[in-house]
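Q: Sharing a structure here in structure tokens format.
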Amino acid sequence: VRADAGLTLTPMEYTQQETKVIDLFSRATPSVVYVTTYTARSSPFSMNVEEMPSGTGSGFVWDMDGHIVTNYHVIKGANGAKITLANKKVFDAELVGFDPDKDIAVLKIDAPRADITPIPVGTSSNLQVGQSTFAIGNPFGLDHTLTTGVVSGVGREVKSPSGRPISNVIQTDAAINPGNSGGPLLDSGGRLIGMNQSIFSPSGASSGVGFAIPVDTLKVITDELIRSGRIDRPMIGIAYLEAAQARALGIKIPGVLILDVPKGSNAAKAGFEGTKRSGFDLVLGDIITKIDSNVIKDEIDLLKVLEKYQVGDKVTVTVSRSDGSVKDL
């Protein structure tokens, strides 16, 4: 654009709020990475192994040791991953560990410390509906993008890739599109409050209902994955029938029907009984209705209650038996 003689052009002026958002984006961007996953397959024309792209997503730098945090579903099924930093440098990533139950994965890159900018970590314990949120990622493989919104709800529950529930999830109306998965959700101070995880949308595009794994959950899982490479969760050691299938069979007692109890297992030693056949009849196994004082109505309740315990804890499990009796095991 050419200015006419005598006309003075002034620099674009931003509002105070715009200046804050621009500054937040510029400070946070160096911590946000682009994750590209690939699978290895043999070339039909040679003996060479080729890397075939399998997916993309976002992630962020966790610490100065080069740990990268992203969603488990971003790297699921991949043979390897490459991390592109904000400065466009690309590094091969090593898988440190993952937790499908919380949809969290930790990778590691060997990058110079000068290229590493860990994201400031906040807390999700005091989030309020209505406070501002900022989602940064690489939707559709584009360069860093920013979407803004508010906390629309807290304490939500979504299903993880393993089928277990993820509790205390943050709901936001900041647009979360494919490629934003694994990227950071920030507060107005640029601090991490969650990791973008999914959207609720029939079309797959952002519909104003996005979900993020809360950072307080993220911190516990990430630190444990970095320390040991795995997450151990308590289990009862039984196979069970999902509630929807139980209702289809006409089972009206709320609880979790036990299908099988492995021989010699701790569950068998405790006295749990699985479902079995007697001639042409099907004899239903125990139905778990309570663990300690926690009422169990379905498998979601069972999994959520087990999250309260540590491996090795002793519990009292109340079951309803096919003969109508109730037992504490």
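Following the order of the structure tokens, first chain is A, next is B, and so on, with residues numbered from 1 inside each chain and ligands from 1 in the order they appear.
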Can you pull out the residues contacting range 63-70 of chain A? Cut-off 6 Å, using only C-alpha atoms, and skip same-chain residues under 2 positions away; I want them as a PDB file with N, CA and C atoms, in the first residue's frame.

A:
```pdb
ATOM      1  N   GLY A  59       2.407 -31.753  20.815  1.00  0.00           N
ATOM      2  CA  GLY A  59       2.975 -32.127  22.103  1.00  0.00           C
ATOM      3  C   GLY A  59       3.661 -30.914  22.686  1.00  0.00           C
ATOM      4  N   PHE A  60       4.305 -31.093  23.826  1.00  0.00           N
ATOM      5  CA  PHE A  60       5.012 -29.970  24.430  1.00  0.00           C
ATOM      6  C   PHE A  60       6.206 -30.466  25.226  1.00  0.00           C
ATOM      7  N   VAL A  61       7.187 -29.590  25.366  1.00  0.00           N
ATOM      8  CA  VAL A  61       8.423 -29.914  26.082  1.00  0.00           C
ATOM      9  C   VAL A  61       8.146 -29.882  27.580  1.00  0.00           C
ATOM     10  N   ALA A 105       1.366 -40.140  26.766  1.00  0.00           N
ATOM     11  CA  ALA A 105       2.612 -40.775  26.336  1.00  0.00           C
ATOM     12  C   ALA A 105       3.758 -39.792  26.540  1.00  0.00           C
ATOM     13  N   VAL A 106       4.917 -40.328  26.889  1.00  0.00           N
ATOM     14  CA  VAL A 106       6.119 -39.512  27.073  1.00  0.00           C
ATOM     15  C   VAL A 106       7.189 -39.984  26.100  1.00  0.00           C
ATOM     16  N   LEU A 107       7.710 -39.063  25.308  1.00  0.00           N
ATOM     17  CA  LEU A 107       8.798 -39.321  24.377  1.00  0.00           C
ATOM     18  C   LEU A 107      10.036 -38.571  24.856  1.00  0.00           C
ATOM     19  N   LYS A 108      11.164 -38.825  24.220  1.00  0.00           N
ATOM     20  CA  LYS A 108      12.392 -38.120  24.593  1.00  0.00           C
ATOM     21  C   LYS A 108      13.217 -37.862  23.341  1.00  0.00           C
ATOM     22  N   ILE A 109      13.749 -36.640  23.246  1.00  0.00           N
ATOM     23  CA  ILE A 109      14.623 -36.298  22.133  1.00  0.00           C
ATOM     24  C   ILE A 109      15.985 -35.887  22.678  1.00  0.00           C
ATOM     25  N   PRO A 118      11.094 -25.772  28.227  1.00  0.00           N
ATOM     26  CA  PRO A 118       9.989 -26.440  28.926  1.00  0.00           C
ATOM     27  C   PRO A 118       8.806 -25.504  29.129  1.00  0.00           C
ATOM     28  N   GLY A 182      -2.829 -33.530  22.026  1.00  0.00           N
ATOM     29  CA  GLY A 182      -1.519 -33.563  22.661  1.00  0.00           C
ATOM     30  C   GLY A 182      -0.935 -32.192  22.911  1.00  0.00           C
TER      31      GLY A 182
END
```

Q: Which residues, written as a PyMOL selection string, have at least one atom at most 9 Å from range 226-234 of chain A, with only C-alpha atoms counted and residues fewer than 4 positions away on the same chain left out?

A: chain A and resi 67+96-99+106+221-222+306-307+309-313

Q: Could the residues in this selection be written to a file with C-alpha atoms, as a compact mmCIF listing (two decimals), in the first residue's frame?

A:
```txt
# COMPACT_ATOMS: atom_id res chain seq x y z
CA HIS A 67 11.03 -35.18 27.52
CA VAL A 96 9.88 -43.45 27.36
CA GLY A 97 6.50 -44.84 28.39
CA PHE A 98 2.77 -44.55 27.93
CA ASP A 99 -0.48 -44.88 29.84
CA VAL A 106 6.12 -39.51 27.07
CA ILE A 221 1.48 -39.86 35.35
CA THR A 222 4.29 -38.10 33.46
CA LEU A 306 -10.04 -49.05 41.94
CA GLU A 307 -8.25 -45.79 41.06
CA TYR A 309 -6.27 -47.76 45.82
CA GLN A 310 -2.64 -48.76 45.47
CA VAL A 311 -1.33 -52.14 44.36
CA GLY A 312 -1.18 -54.34 47.46
CA ASP A 313 -4.04 -52.65 49.34
```

Q: When distances are computed from only C-alpha atoms, which of A:Asn79, A:Ser152, A:Asn71, A:Asn87 shows the smallest separation from Ile213 in chain A?

A: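 Of A:Asn79, A:Ser152, A:Asn71, A:Asn87, the one nearest Ile213 in chain A is A:Asn71, counting only C-alpha atoms.
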
Q: Could you state the separation of CA of Val33 in chain A and CA of Val220 in chain A in Å, given to one decimal place?

A: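 So the two atoms, CA of Val33 in chain A and CA of Val220 in chain A, lie 21.4 Å apart.
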
Q: Fewer than 4 positions away in the same chain doesn't count, so skip those; otherwise give me all residues within 9 Å of Pro161 in chain A, counting only C-alpha atoms, as a list in words.

A: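 Residues meeting the cut-off are Tyr72, His73, Pro100, Asp101, Lys102 and Asp103 of chain A.
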
Q: Let me see the file: selected residues, C-alpha atoms, as a JSON list (two decimals), in the first residue's frame.

A:
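As a result, result19.json now contains:
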```
[["chain", "number", "residue", "atom", "x", "y", "z"],
["A", 72, "TYR", "CA", -1.12, -41.87, 23.71],
["A", 73, "HIS", "CA", -3.58, -42.06, 20.81],
["A", 100, "PRO", "CA", -3.46, -45.81, 27.62],
["A", 101, "ASP", "CA", -5.80, -45.52, 30.62],
["A", 102, "LYS", "CA", -5.11, -41.77, 30.82],
["A", 103, "ASP", "CA", -4.20, -41.24, 27.12]]
```

Q: What residues in range 94-246 of chain A get the DSSP label strand (DSSP E or B)? Please answer as JSON, numbers by chain.

A: {"A": [94, 95, 96, 97, 98, 99, 104, 105, 106, 107, 108, 109, 121, 132, 133, 134, 135, 136, 137, 145, 146, 147, 148, 149, 150, 151, 152, 153, 154, 155, 156, 157, 158, 159, 165, 166, 167, 168, 169, 170, 171, 172, 184, 185, 186, 192, 193, 194, 195, 196, 197, 198, 199, 210, 211, 212, 213, 214, 239, 240, 241]}

Q: Give the helix (DSSP H, G or I) residues of range 105-221 of chain A, as DSSP finds them on the backbone, and put them as a list in words.

A: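 Assigned to helix (DSSP H, G or I), within range 105-221 of chain A: Arg113, Ala114, Asp115, Pro139, Phe140, Gly141, Val215, Asp216, Thr217, Leu218, Lys219, Val220 and Ile221 of chain A.
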
Q: Under the rule that only C-alpha atoms are counted, which of A:Glu13, A:Asn294, A:Arg164, A:Gly179 is the nearest residue to Gly55 in chain A?

A: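 Nearest candidate to Gly55 in chain A out of A:Glu13, A:Asn294, A:Arg164, A:Gly179: A:Gly179.
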
Q: For Val326 in chain A, work out the shell of residues within 12 Å, counting only C-alpha atoms and skipping chain neighbours fewer than 5 positions away, then give it as an NGL selection string.

A: :A and (286-290 or 317-321)
